[in-house]
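coords-v9.cif follows (mmCIF, C-alpha atoms and all ligand atoms):
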```cif
data_protein
#
loop_
_atom_site.label_atom_id
_atom_site.label_comp_id
_atom_site.auth_asym_id
_atom_site.auth_seq_id
_atom_site.Cartn_x
_atom_site.Cartn_y
_atom_site.Cartn_z
CA MET U 1 76.90 84.56 26.50
CA GLU U 2 77.78 86.79 23.62
CA TYR U 3 80.93 85.93 21.74
CA THR U 4 83.50 88.71 21.67
CA VAL U 5 86.62 89.06 19.58
CA ARG U 6 89.81 90.51 21.07
CA PRO U 7 90.74 94.00 19.77
CA LEU U 8 94.03 92.47 18.60
CA VAL U 9 92.10 90.37 16.08
CA THR U 10 89.69 93.08 14.89
CA GLN U 11 92.63 95.45 14.45
CA ALA U 12 94.51 92.81 12.49
CA LEU U 13 91.50 92.40 10.21
CA GLU U 14 91.32 96.15 9.57
CA ARG U 15 95.01 96.14 8.64
CA VAL U 16 94.48 93.20 6.26
CA LEU U 17 91.54 95.05 4.68
CA SER U 18 93.65 98.16 4.23
CA ASN U 19 96.46 96.22 2.56
CA PRO U 20 96.12 97.46 -1.05
CA GLU U 21 96.71 94.07 -2.69
CA ALA U 22 94.35 92.25 -0.33
CA ALA U 23 91.66 94.90 -0.84
CA ARG U 24 92.06 94.63 -4.61
CA ALA U 25 91.83 90.82 -4.36
CA CYS U 26 88.51 91.10 -2.52
CA GLN U 27 87.14 93.30 -5.29
CA TRP U 28 88.59 90.96 -7.91
CA ILE U 29 86.80 87.99 -6.29
CA GLU U 30 83.45 89.74 -6.65
CA GLU U 31 84.15 90.36 -10.33
CA ASP U 32 85.25 86.72 -10.73
CA GLN U 33 81.88 85.35 -9.54
CA GLU U 34 80.58 84.44 -12.99
CA ARG U 35 83.74 82.59 -13.94
CA CYS U 36 83.85 80.89 -10.55
CA VAL U 37 80.29 79.61 -10.99
CA ALA U 38 81.12 78.44 -14.54
CA GLU U 39 84.05 76.43 -13.15
CA GLN U 40 81.83 75.02 -10.43
CA ILE U 41 79.49 73.73 -13.15
CA GLU U 42 82.38 72.36 -15.19
CA LEU U 43 83.89 70.47 -12.23
CA THR U 44 80.48 69.15 -11.09
CA GLN U 45 80.18 67.51 -14.47
CA LEU U 46 83.43 65.56 -13.83
CA GLU U 47 82.03 62.84 -11.62
CA ALA U 48 84.18 61.95 -8.65
CA PRO U 49 82.78 59.29 -6.33
CA THR U 50 85.05 58.49 -3.39
CA PHE U 51 88.06 56.41 -4.56
CA HIS U 52 87.45 57.59 -8.15
CA GLU U 53 88.47 61.22 -7.94
CA GLN U 54 91.23 61.12 -10.54
CA THR U 55 89.52 62.75 -13.53
CA ARG U 56 88.35 65.64 -11.42
CA ALA U 57 91.70 65.84 -9.61
CA LEU U 58 93.58 66.16 -12.91
CA ALA U 59 91.25 68.93 -14.09
CA PHE U 60 91.69 70.67 -10.75
CA VAL U 61 95.48 70.41 -11.03
CA ALA U 62 95.36 72.07 -14.46
CA LYS U 63 93.26 74.89 -13.03
CA LEU U 64 95.56 75.39 -10.02
CA ARG U 65 98.46 75.67 -12.46
CA ALA U 66 96.55 78.14 -14.63
CA ALA U 67 95.86 80.17 -11.49
CA GLY U 68 99.60 80.71 -11.19
CA LEU U 69 100.41 78.54 -8.17
CA THR U 70 103.75 76.76 -7.89
CA GLY U 71 104.59 73.12 -7.16
CA VAL U 72 101.21 72.03 -8.50
CA THR U 73 100.94 68.25 -8.43
CA LEU U 74 99.07 65.13 -7.31
CA ASP U 75 100.46 63.24 -4.33
CA THR U 76 100.48 59.46 -3.86
CA GLU U 77 96.95 59.60 -2.39
CA GLY U 78 95.54 61.45 -5.39
CA ASN U 79 95.33 64.77 -3.50
CA ALA U 80 95.70 67.75 -5.86
CA PHE U 81 97.55 70.75 -4.50
CA GLY U 82 99.63 73.83 -5.26
CA VAL U 83 101.31 76.59 -3.29
CA LEU U 84 101.22 80.36 -3.29
CA LYS U 85 104.79 81.08 -2.32
CA SER U 86 105.39 83.71 0.32
CA ARG U 87 108.22 85.66 1.82
CA GLY U 88 108.63 82.69 4.15
CA GLU U 89 108.11 84.84 7.24
CA GLY U 90 104.88 83.40 8.52
CA PRO U 91 103.07 80.15 9.26
CA ARG U 92 102.06 77.80 6.46
CA VAL U 93 98.29 77.85 5.98
CA LEU U 94 96.29 75.16 4.23
CA VAL U 95 92.97 75.96 2.58
CA GLU U 96 91.20 72.91 1.28
CA ALA U 97 88.01 71.34 -0.06
CA HIS U 98 87.29 67.69 -0.81
CA LEU U 99 87.20 66.41 -4.37
CA ASP U 100 84.93 63.42 -3.85
CA THR U 101 81.14 63.12 -3.92
CA VAL U 102 78.74 60.44 -2.70
CA PHE U 103 77.25 59.80 -6.16
CA PRO U 104 78.21 56.83 -8.35
CA VAL U 105 79.38 57.50 -11.90
CA GLY U 106 76.39 58.02 -14.18
CA SER U 107 74.19 59.81 -11.65
CA VAL U 108 75.06 63.41 -12.53
CA PRO U 109 72.93 64.95 -15.30
CA PRO U 110 73.93 68.28 -16.88
CA VAL U 111 73.87 71.02 -14.23
CA ALA U 112 70.60 72.97 -14.37
CA LYS U 113 70.32 76.65 -13.47
CA ARG U 114 66.99 78.12 -12.40
CA ASP U 115 65.45 80.34 -9.73
CA GLY U 116 68.87 81.48 -8.52
CA PHE U 117 70.14 77.97 -7.91
CA LEU U 118 72.43 75.46 -9.59
CA PHE U 119 71.02 71.94 -9.48
CA ALA U 120 73.07 68.73 -9.67
CA PRO U 121 74.30 66.03 -7.30
CA GLY U 122 77.57 67.27 -5.76
CA VAL U 123 77.20 70.85 -7.01
CA SER U 124 77.29 72.13 -3.45
CA ASP U 125 79.06 69.32 -1.54
CA ASN U 126 81.74 69.98 -2.34
CA THR U 127 82.35 71.17 -5.87
CA ARG U 128 81.55 74.67 -4.66
CA GLY U 129 84.48 74.44 -2.25
CA LEU U 130 86.84 73.55 -5.11
CA ALA U 131 85.60 76.47 -7.23
CA MET U 132 86.12 78.79 -4.25
CA LEU U 133 89.76 77.71 -3.92
CA LEU U 134 90.38 78.45 -7.59
CA SER U 135 88.82 81.91 -7.44
CA MET U 136 90.79 82.71 -4.30
CA ALA U 137 94.08 81.47 -5.78
CA ARG U 138 93.55 83.51 -8.96
CA ALA U 139 92.68 86.64 -6.99
CA MET U 140 95.88 86.31 -4.95
CA THR U 141 98.17 85.84 -7.95
CA GLU U 142 96.40 88.40 -10.19
CA CYS U 143 96.46 91.07 -7.47
CA ARG U 144 99.96 90.11 -6.31
CA VAL U 145 98.96 89.44 -2.72
CA ARG U 146 102.13 88.50 -0.85
CA PRO U 147 101.25 86.57 2.28
CA ARG U 148 103.94 86.31 4.93
CA GLY U 149 103.55 82.53 5.12
CA ASP U 150 102.91 80.05 2.29
CA VAL U 151 99.30 79.33 1.39
CA VAL U 152 98.69 75.76 0.25
CA PHE U 153 95.57 75.05 -1.85
CA LEU U 154 94.36 71.45 -1.67
CA GLY U 155 91.64 69.40 -3.33
CA SER U 156 91.56 66.35 -1.05
CA THR U 157 90.45 62.80 -1.83
CA ARG U 158 88.36 60.32 0.18
CA GLU U 159 86.53 62.63 2.57
CA GLU U 160 83.12 61.02 2.18
CA GLY U 161 81.76 57.74 3.54
CA ILE U 162 84.14 54.87 3.68
CA GLY U 163 86.92 57.13 2.41
CA GLY U 164 87.18 58.01 6.10
CA MET U 165 88.92 61.37 5.49
CA GLU U 166 92.04 59.44 4.51
CA GLY U 167 93.06 61.95 1.82
CA ILE U 168 93.65 64.86 4.16
CA ARG U 169 95.04 62.55 6.82
CA ALA U 170 97.80 61.42 4.46
CA PHE U 171 98.37 64.95 3.18
CA LEU U 172 98.85 66.43 6.66
CA ARG U 173 101.22 63.61 7.59
CA GLN U 174 103.33 63.95 4.47
CA TYR U 175 103.46 67.65 3.70
CA PRO U 176 107.11 68.74 3.94
CA GLY U 177 107.66 71.00 6.91
CA GLY U 178 104.07 70.51 8.12
CA ILE U 179 100.96 72.70 8.10
CA ASP U 180 100.45 75.35 10.80
CA ALA U 181 96.74 76.09 10.34
CA SER U 182 94.05 74.43 8.23
CA LEU U 183 90.88 75.99 6.83
CA SER U 184 88.45 73.52 5.30
CA ILE U 185 85.57 74.64 3.13
CA ASP U 186 82.58 72.34 2.96
CA SER U 187 78.91 72.57 2.13
CA ASP U 188 77.10 74.55 4.82
CA SER U 189 75.92 78.09 5.51
CA ILE U 190 78.87 80.51 5.57
CA ALA U 191 77.67 81.72 8.96
CA ASN U 192 78.28 78.28 10.54
CA ILE U 193 81.76 77.78 11.95
CA ILE U 194 82.88 74.27 12.82
CA TYR U 195 85.69 74.09 15.37
CA GLU U 196 85.01 70.68 16.94
CA ALA U 197 85.25 67.08 15.79
CA THR U 198 82.53 64.56 16.45
CA GLY U 199 84.21 61.21 17.05
CA PHE U 200 82.95 58.45 14.87
CA ARG U 201 83.61 54.97 13.67
CA THR U 202 82.16 52.90 10.89
CA ALA U 203 82.44 49.18 11.51
CA GLU U 204 81.42 45.99 9.77
CA TYR U 205 80.36 43.06 11.93
CA ILE U 206 80.65 39.75 10.09
CA PHE U 207 78.73 36.69 11.30
CA HIS U 208 80.07 33.24 10.36
CA GLY U 209 78.39 29.83 10.46
CA THR U 210 78.37 26.61 8.45
CA GLY U 211 75.47 27.29 6.12
CA GLY U 212 73.43 24.65 4.34
CA HIS U 213 70.19 23.80 2.53
CA ALA U 214 67.19 25.83 3.67
CA PHE U 215 65.15 22.62 4.20
CA GLY U 216 67.75 19.86 4.45
CA ALA U 217 70.02 21.58 6.95
CA PHE U 218 67.21 23.22 8.92
CA GLY U 219 67.72 22.55 12.61
CA GLN U 220 71.19 21.15 11.96
CA VAL U 221 73.05 24.43 11.72
CA SER U 222 72.66 27.88 13.14
CA GLN U 223 71.81 30.85 10.98
CA PRO U 224 74.34 33.71 10.65
CA LEU U 225 71.80 35.97 8.93
CA HIS U 226 69.34 35.41 11.76
CA ALA U 227 72.12 36.24 14.24
CA ALA U 228 72.72 39.50 12.34
CA GLY U 229 68.98 40.22 12.54
CA ARG U 230 69.00 39.62 16.30
CA ALA U 231 71.94 42.03 16.62
CA VAL U 232 70.14 44.73 14.60
CA ALA U 233 67.03 44.34 16.77
CA LYS U 234 69.08 44.80 19.95
CA ILE U 235 70.95 47.81 18.58
CA ALA U 236 67.70 49.38 17.34
CA ASP U 237 66.49 49.53 20.95
CA PHE U 238 69.55 51.37 22.30
CA GLN U 239 68.98 54.58 24.27
CA VAL U 240 71.81 57.10 23.91
CA PRO U 241 72.40 60.55 25.42
CA GLU U 242 71.08 63.60 23.60
CA SER U 243 73.90 65.60 25.12
CA PRO U 244 76.71 65.03 24.35
CA ARG U 245 75.04 64.13 21.07
CA THR U 246 75.53 60.42 20.43
CA THR U 247 74.10 58.51 17.47
CA PHE U 248 74.08 55.08 15.82
CA CYS U 249 72.91 53.83 12.46
CA VAL U 250 72.91 50.33 10.99
CA SER U 251 73.42 51.37 7.39
CA ASN U 252 73.97 48.07 5.55
CA VAL U 253 72.83 44.47 5.93
CA HIS U 254 74.27 41.77 3.71
CA GLY U 255 73.80 38.02 3.55
CA GLY U 256 73.05 35.39 0.96
CA ASN U 257 72.61 35.97 -2.75
CA ASP U 258 69.97 35.55 -5.43
CA ALA U 259 71.15 32.06 -6.36
CA GLY U 260 70.93 31.05 -2.73
CA VAL U 261 67.33 31.89 -1.92
CA HIS U 262 66.94 28.34 -0.69
CA ALA U 263 70.14 28.30 1.34
CA ILE U 264 71.17 29.15 4.87
CA PRO U 265 73.97 31.62 4.15
CA PRO U 266 77.30 30.79 5.79
CA VAL U 267 78.14 34.48 6.20
CA ALA U 268 76.17 37.65 6.95
CA SER U 269 77.30 41.14 7.83
CA ILE U 270 76.05 44.49 9.03
CA LYS U 271 77.70 47.87 8.78
CA ILE U 272 77.10 50.45 11.45
CA ASN U 273 78.13 54.07 11.89
CA TYR U 274 78.25 55.41 15.44
CA ARG U 275 79.19 58.89 16.61
CA SER U 276 79.55 61.03 19.68
CA ASN U 277 80.83 64.47 20.52
CA ASP U 278 82.35 62.83 23.61
CA PRO U 279 85.10 60.20 23.29
CA GLY U 280 83.97 58.42 26.47
CA GLN U 281 80.41 58.03 25.18
CA LEU U 282 81.75 56.71 21.87
CA ARG U 283 83.72 54.00 23.71
CA ILE U 284 80.68 53.07 25.80
CA LEU U 285 78.51 52.84 22.67
CA GLU U 286 81.06 50.71 20.89
CA SER U 287 81.27 48.22 23.75
CA ARG U 288 77.45 48.03 23.85
CA ILE U 289 77.40 47.22 20.13
CA ASP U 290 80.07 44.54 20.62
CA ALA U 291 78.04 43.09 23.50
CA ALA U 292 74.83 43.10 21.43
CA VAL U 293 76.59 41.23 18.61
CA GLU U 294 78.10 38.75 21.06
CA ALA U 295 74.71 38.13 22.69
CA ALA U 296 73.01 37.78 19.29
CA CYS U 297 75.51 35.09 18.28
CA ALA U 298 75.10 33.30 21.60
CA GLU U 299 71.28 33.31 21.30
CA GLU U 300 71.38 32.02 17.74
CA THR U 301 73.86 29.34 18.72
CA ALA U 302 71.72 28.32 21.72
CA ARG U 303 68.58 28.22 19.56
CA TRP U 304 69.87 25.14 17.65
CA GLN U 305 72.74 23.88 19.81
CA ARG U 306 74.32 22.23 16.78
CA ASP U 307 76.58 24.90 15.39
CA THR U 308 78.32 28.05 16.63
CA VAL U 309 77.88 31.47 15.09
CA THR U 310 81.10 33.48 15.45
CA TRP U 311 81.74 37.12 14.65
CA GLU U 312 84.55 39.45 13.69
CA LYS U 313 84.77 43.20 13.30
CA LYS U 314 86.42 45.43 10.71
CA ILE U 315 86.81 49.18 11.25
CA TYR U 316 86.51 51.33 8.12
CA CYS U 317 86.54 54.88 9.51
CA ASP U 318 88.04 55.98 12.78
CA ILE U 319 87.78 59.70 13.49
CA PRO U 320 88.67 60.82 17.01
CA ALA U 321 86.46 63.29 18.86
CA GLY U 322 88.13 66.59 19.62
CA THR U 323 87.56 70.20 20.46
CA GLN U 324 89.55 73.44 20.45
CA ASP U 325 89.39 76.69 22.36
CA VAL U 326 86.54 78.63 20.76
CA HIS U 327 88.66 81.72 21.36
CA MET U 328 91.74 80.45 19.60
CA PRO U 329 93.03 83.21 17.29
CA MET U 330 91.93 81.49 14.09
CA ALA U 331 88.36 81.07 15.39
CA GLU U 332 88.17 84.70 16.45
CA GLY U 333 89.62 85.60 13.05
CA LEU U 334 86.95 83.82 11.00
CA TYR U 335 84.24 85.13 13.32
CA ALA U 336 85.53 88.70 12.93
CA VAL U 337 85.65 88.34 9.14
CA LEU U 338 82.05 87.09 8.90
CA ALA U 339 80.74 89.69 11.35
CA ARG U 340 82.58 92.44 9.42
CA MET U 341 80.78 91.23 6.28
CA GLY U 342 77.43 91.67 8.02
CA MET U 343 76.73 88.06 8.90
CA ARG U 344 75.81 86.54 12.26
CA PRO U 345 78.33 83.75 12.75
CA VAL U 346 77.47 80.72 14.88
CA PHE U 347 79.90 78.21 16.36
CA ARG U 348 78.41 74.78 15.79
CA ARG U 349 78.94 71.98 18.32
CA GLY U 350 80.58 68.85 16.95
CA GLY U 351 81.42 68.34 13.30
CA ALA U 352 82.40 65.70 10.78
CA THR U 353 84.56 67.51 8.27
CA ASN U 354 88.17 67.28 7.17
CA ALA U 355 88.95 69.73 9.99
CA SER U 356 88.46 66.77 12.36
CA ILE U 357 91.70 65.22 11.15
CA ALA U 358 93.73 68.40 11.65
CA ILE U 359 92.15 68.88 15.10
CA ALA U 360 93.22 65.34 16.04
CA MET U 361 96.79 66.23 14.99
CA GLY U 362 96.80 69.37 17.13
CA ILE U 363 96.77 71.74 14.13
CA PRO U 364 94.49 74.78 14.56
CA ALA U 365 91.66 74.06 12.15
CA LEU U 366 88.22 75.30 11.20
CA CYS U 367 85.63 74.36 8.63
CA MET U 368 83.66 77.17 7.02
CA GLY U 369 80.60 76.91 4.80
CA SER U 370 80.06 77.94 1.22
CA HIS U 371 76.41 79.11 1.00
CA TYR U 372 75.61 82.76 1.34
CA SER U 373 72.14 83.74 2.44
CA PRO U 374 71.16 87.39 1.78
CA ASP U 375 68.66 87.48 4.67
CA GLY U 376 70.72 85.33 7.03
CA LYS U 377 68.23 82.43 7.00
CA ALA U 378 69.83 79.07 6.22
CA ILE U 379 69.06 77.84 2.70
CA PRO U 380 68.67 74.05 2.50
CA THR U 381 70.83 72.52 -0.24
CA PHE U 382 69.72 68.84 0.08
CA ASP U 383 73.29 67.54 0.06
CA HIS U 384 73.83 63.85 -0.65
CA THR U 385 70.52 63.68 -2.53
CA LEU U 386 69.80 63.81 -6.24
CA ASN U 387 68.02 67.14 -5.60
CA GLU U 388 71.19 68.86 -4.40
CA ARG U 389 71.35 72.58 -5.22
CA PHE U 390 73.49 75.63 -4.61
CA PRO U 391 72.30 79.25 -4.11
CA ILE U 392 74.22 81.54 -6.49
CA GLU U 393 73.48 85.04 -5.22
CA GLY U 394 76.35 86.57 -3.27
CA ALA U 395 78.36 83.33 -3.37
CA TYR U 396 81.58 85.30 -3.90
CA LYS U 397 81.32 86.46 -0.28
CA GLY U 398 82.39 82.98 0.80
CA VAL U 399 85.56 83.31 -1.29
CA GLN U 400 86.28 86.71 0.24
CA ALA U 401 85.79 85.31 3.75
CA ALA U 402 88.16 82.42 3.01
CA LEU U 403 90.77 84.84 1.64
CA LEU U 404 90.61 87.21 4.61
CA THR U 405 90.74 84.39 7.15
CA THR U 406 93.70 82.85 5.36
CA LEU U 407 95.52 86.19 5.33
CA LEU U 408 94.85 86.69 9.04
CA CYS U 409 96.49 83.32 9.65
CA ALA U 410 99.37 83.66 7.18
CA GLY U 411 99.93 87.39 7.68
CA VAL U 412 100.15 89.90 4.86
CA GLY U 413 102.13 93.10 4.29
CA ASP U 414 103.13 94.50 7.67
CA GLN U 415 100.36 92.60 9.46
CA PRO U 416 101.88 89.48 11.04
CA SER U 417 99.90 86.28 11.43
CA ILE U 418 97.37 86.36 14.25
CA LEU U 419 98.45 82.81 15.05
CA GLU U 420 101.87 84.14 16.05
CA ALA U 421 100.78 87.44 17.53
CA ALA U 422 98.55 85.78 20.08
CA LYS U 423 101.20 83.42 21.43
ZN ZN M 1 81.33 67.62 2.07
#
```

Re-express the file's structure as structure tokens.
Amino acid sequence: MEYTVRPLVTQALERVLSNPEAARACQWIEEDQERCVAEQIELTQLEAPTFHEQTRALAFVAKLRAAGLTGVTLDTEGNAFGVLKSRGEGPRVLVEAHLDTVFPVGSVPPVAKRDGFLFAPGVSDNTRGLAMLLSMARAMTECRVRPRGDVVFLGSTREEGIGGMEGIRAFLRQYPGGIDASLSIDSDSIANIIYEATGFRTAEYIFHGTGGHAFGAFGQVSQPLHAAGRAVAKIADFQVPESPRTTFCVSNVHGGNDAGVHAIPPVASIKINYRSNDPGQLRILESRIDAAVEAACAEETARWQRDTVTWEKKIYCDIPAGTQDVHMPMAEGLYAVLARMGMRPVFRRGGATNASIAIAMGIPALCMGSHYSPDGKAIPTFDHTLNERFPIEGAYKGVQAALLTTLLCAGVGDQPSILEAAK
């Protein structure tokens, strides 16, 4: 079925576009493209693996301040943020991008520019998002855009991997007075709108035994690493539903060490990430994994009957599954903005972005992409690989879309927030 936007929302967008300051800001953003891309390069060069975002966060803070925001600071979680103060007549809107990347320090060479792309690990995911926030903030202050509600600009920590989206989680919990709507920007095609949260957990299963000499203790003790191997073999054979999409991945196996190549290790562990768009399926999958680990320990114990392999579980990431009404005002707003700009927006099912955390807290939230494609065909950016790249042409359109969506939510001039108007 074709997606339609209520006239209320399209009319609101036309009024935002005819607000002189907002219109000037859109033009300003186009003219700011070169500087925005230069800042993207500069920030990419400041490496920021998860848990080590501070150098980049401090640079981002300085740039937020230079953009003319107020209350610019780092919070206790290392999140960098600042506020564009409003008339205080509308909802408080957060626009955010994550500071961290998946690349260890030392893996980012100087950013290369060729064939219309920037090349470097992290240049797209999500340094582009940070550069977009800066260009948008500057446009709003330079063109004196006066939103009706405050706009909060945030560079968030610990989005990736074992960071478990803890940066935004803490920010949303702590922000004085709360956040009324949250727009995340992350690496994807601008035409893709994420309004759902795929539930996921990342767990470590740790197998314990006695350990001993590889020859001397053979047959006397059970083998925790073999128990871990049995568990992996069982999990590898799992069948899971395609719809709702449900996935599992044993991503790490640890046990023993180089000095102990002739030892039965006393401890072994596996890490596993499992996801589902449906909370019920996620629970079922988790209990199957637990059962596989339990059975693997029992089999290994029974194999020798001299020693007992035990197991424990640690949870590193715990993101609840969630969805929102695809016709909530904010979703219609972003859709209308992208369509007005000549794109063909698509609502994606599921999602694993910072928006997931806001969705879990009941805050209207979307994640929008940052790559513009002139012909509408998705351009692969090879995120999370050393070949990561970002398409430069027309990239400012993403900043304009973020600005317009934010203004629809916060309200501007005599156009009230669509969040309020639709109540
Ligand atoms: Zn990302």

May I have the residues within 12 Å of ligand ZN 1 (chain M), computed using all atoms listed in the file, as a short mmCIF file (atom, residue, chain, number, x, y, z; two decimals) with C-alpha atoms, keeping the file's coordinate frame?
```cif
data_model
loop_
_atom_site.label_atom_id
_atom_site.label_comp_id
_atom_site.auth_asym_id
_atom_site.auth_seq_id
_atom_site.Cartn_x
_atom_site.Cartn_y
_atom_site.Cartn_z
CA PRO U 49 82.78 59.29 -6.33
CA THR U 50 85.05 58.49 -3.39
CA GLU U 96 91.20 72.91 1.28
CA ALA U 97 88.01 71.34 -0.06
CA HIS U 98 87.29 67.69 -0.81
CA LEU U 99 87.20 66.41 -4.37
CA ASP U 100 84.93 63.42 -3.85
CA THR U 101 81.14 63.12 -3.92
CA VAL U 102 78.74 60.44 -2.70
CA PRO U 121 74.30 66.03 -7.30
CA GLY U 122 77.57 67.27 -5.76
CA VAL U 123 77.20 70.85 -7.01
CA SER U 124 77.29 72.13 -3.45
CA ASP U 125 79.06 69.32 -1.54
CA ASN U 126 81.74 69.98 -2.34
CA THR U 127 82.35 71.17 -5.87
CA ARG U 128 81.55 74.67 -4.66
CA GLY U 129 84.48 74.44 -2.25
CA LEU U 130 86.84 73.55 -5.11
CA GLY U 155 91.64 69.40 -3.33
CA SER U 156 91.56 66.35 -1.05
CA THR U 157 90.45 62.80 -1.83
CA ARG U 158 88.36 60.32 0.18
CA GLU U 159 86.53 62.63 2.57
CA GLU U 160 83.12 61.02 2.18
CA GLY U 161 81.76 57.74 3.54
CA GLY U 163 86.92 57.13 2.41
CA GLY U 164 87.18 58.01 6.10
CA MET U 165 88.92 61.37 5.49
CA SER U 184 88.45 73.52 5.30
CA ILE U 185 85.57 74.64 3.13
CA ASP U 186 82.58 72.34 2.96
CA SER U 187 78.91 72.57 2.13
CA ASP U 188 77.10 74.55 4.82
CA GLY U 351 81.42 68.34 13.30
CA ALA U 352 82.40 65.70 10.78
CA THR U 353 84.56 67.51 8.27
CA ASN U 354 88.17 67.28 7.17
CA ALA U 355 88.95 69.73 9.99
CA CYS U 367 85.63 74.36 8.63
CA MET U 368 83.66 77.17 7.02
CA GLY U 369 80.60 76.91 4.80
CA SER U 370 80.06 77.94 1.22
CA THR U 381 70.83 72.52 -0.24
CA PHE U 382 69.72 68.84 0.08
CA ASP U 383 73.29 67.54 0.06
CA HIS U 384 73.83 63.85 -0.65
#
```

Inset, instruction - Write out as a ChimeraX atom specification which residues come within 12 Å of Glu39 of chain U when counting only C-alpha atoms, dropping same-chain ones fewer than 5 positions away. - result: /U:32-34,44-46,56,59-60,63-64,111,123,127-135

Inset, instruction - Show me as a list in words the residues that reach within 7 Å of (77.7, 54.2, 14.4), counting only C-alpha atoms and using the file's own coordinates. - result: Phe200, Arg201, Thr202, Thr247, Phe248, Cys249, Ile272, Asn273, Tyr274 and Arg275 of chain U

Inset, instruction - Measuring atom to atom with only C-alpha atoms, identify which of U:Glu89, U:Arg65, U:Glu30, U:Ala321 is nearest to Gln415 of chain U. - result: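 Looking at the shortest contact to Gln415 of chain U, the residue is U:Glu89.
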
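Proximity of U:Thr405, U:Gln305, U:Ser269, U:Ser222 to Ala336 of chain U, computed with all atoms listed in the file, is greatest for U:Thr405.
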
Kindly extract all protein, DNA and RNA residues lying within 6 Å of the coordinates (70.7, 41.0, 5.1) given in the file, considering only C-alpha atoms, and supply them as an mmCIF file with C-alpha atoms, in the coordinates of the input.
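This went into out.cif:
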```
data_model
loop_
_atom_site.group_PDB
_atom_site.id
_atom_site.type_symbol
_atom_site.label_atom_id
_atom_site.label_comp_id
_atom_site.auth_asym_id
_atom_site.auth_seq_id
_atom_site.Cartn_x
_atom_site.Cartn_y
_atom_site.Cartn_z
ATOM 1 C CA VAL U 253 72.830 44.470 5.930
ATOM 2 C CA HIS U 254 74.270 41.770 3.710
ATOM 3 C CA GLY U 255 73.800 38.020 3.550
#
```

Legend entry - Best match for closeness to Ala236 of chain U among U:Lys313, U:Arg288, U:Arg15, U:Arg148, counting all atoms listed in the file: U:Arg288

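Closest approach to Ser243 of chain U among U:Ala67, U:Val326, U:Glu332, U:Arg349: U:Arg349, based on all atoms listed in the file.
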
Legend entry - Point-to-point distance from atom CA of Ala214 of chain U to atom CA of Ile235 of chain U, Å rounded to tenths: 26.8 Å

Inset, instruction - Find the spatial neighbours of Lys113 of chain U, counting all atoms listed in the file, within a cut-off of 10 Å - ignore same-chain residues fewer than 2 positions away - and output them as a list in words. - result: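 Here the qualifying residues turn out to be Ile41, Pro110, Val111, Asp115, Gly116, Phe117, Leu118, Phe119, Ala120, Arg389, Phe390, Pro391 and Ile392 of chain U.
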
Inset, instruction - Within 12 Å of Glu142 of chain U, counting only C-alpha atoms, which residues show up once you throw out same-chain ones fewer than 4 positions away? Write them as a list in words, please. - result: Glu21, Ala22, Arg24, Ala25, Cys26, Gln27, Trp28, Ile29, Asp32, Ala66, Ala67, Gly68, Leu69, Leu84, Leu134, Ser135, Met136, Ala137, Arg138 and Arg146 of chain U

Output segment 283-290 of chain U with N, CA, C and O atoms present, as a PDB file, keeping the file's coordinate frame.
```
ATOM      1  N   ARG U 283      83.174  55.298  23.251  1.00  0.00           N
ATOM      2  CA  ARG U 283      83.720  54.000  23.710  1.00  0.00           C
ATOM      3  C   ARG U 283      82.623  53.153  24.345  1.00  0.00           C
ATOM      4  O   ARG U 283      82.536  51.953  24.107  1.00  0.00           O
ATOM      5  N   ILE U 284      81.770  53.806  25.149  1.00  0.00           N
ATOM      6  CA  ILE U 284      80.680  53.070  25.800  1.00  0.00           C
ATOM      7  C   ILE U 284      79.752  52.470  24.733  1.00  0.00           C
ATOM      8  O   ILE U 284      79.389  51.292  24.779  1.00  0.00           O
ATOM      9  N   LEU U 285      79.411  53.302  23.734  1.00  0.00           N
ATOM     10  CA  LEU U 285      78.510  52.840  22.670  1.00  0.00           C
ATOM     11  C   LEU U 285      79.129  51.667  21.918  1.00  0.00           C
ATOM     12  O   LEU U 285      78.458  50.670  21.638  1.00  0.00           O
ATOM     13  N   GLU U 286      80.406  51.787  21.637  1.00  0.00           N
ATOM     14  CA  GLU U 286      81.060  50.710  20.890  1.00  0.00           C
ATOM     15  C   GLU U 286      81.036  49.407  21.681  1.00  0.00           C
ATOM     16  O   GLU U 286      80.770  48.333  21.126  1.00  0.00           O
ATOM     17  N   SER U 287      81.275  49.473  22.991  1.00  0.00           N
ATOM     18  CA  SER U 287      81.270  48.220  23.750  1.00  0.00           C
ATOM     19  C   SER U 287      79.852  47.666  23.859  1.00  0.00           C
ATOM     20  O   SER U 287      79.658  46.452  23.890  1.00  0.00           O
ATOM     21  N   ARG U 288      78.848  48.538  23.846  1.00  0.00           N
ATOM     22  CA  ARG U 288      77.450  48.030  23.850  1.00  0.00           C
ATOM     23  C   ARG U 288      77.137  47.317  22.529  1.00  0.00           C
ATOM     24  O   ARG U 288      76.418  46.319  22.508  1.00  0.00           O
ATOM     25  N   ILE U 289      77.642  47.866  21.425  1.00  0.00           N
ATOM     26  CA  ILE U 289      77.400  47.220  20.130  1.00  0.00           C
ATOM     27  C   ILE U 289      78.087  45.851  20.104  1.00  0.00           C
ATOM     28  O   ILE U 289      77.489  44.845  19.708  1.00  0.00           O
ATOM     29  N   ASP U 290      79.345  45.826  20.560  1.00  0.00           N
ATOM     30  CA  ASP U 290      80.070  44.540  20.620  1.00  0.00           C
ATOM     31  C   ASP U 290      79.275  43.523  21.457  1.00  0.00           C
ATOM     32  O   ASP U 290      79.131  42.361  21.074  1.00  0.00           O
TER      33      ASP U 290
END
```
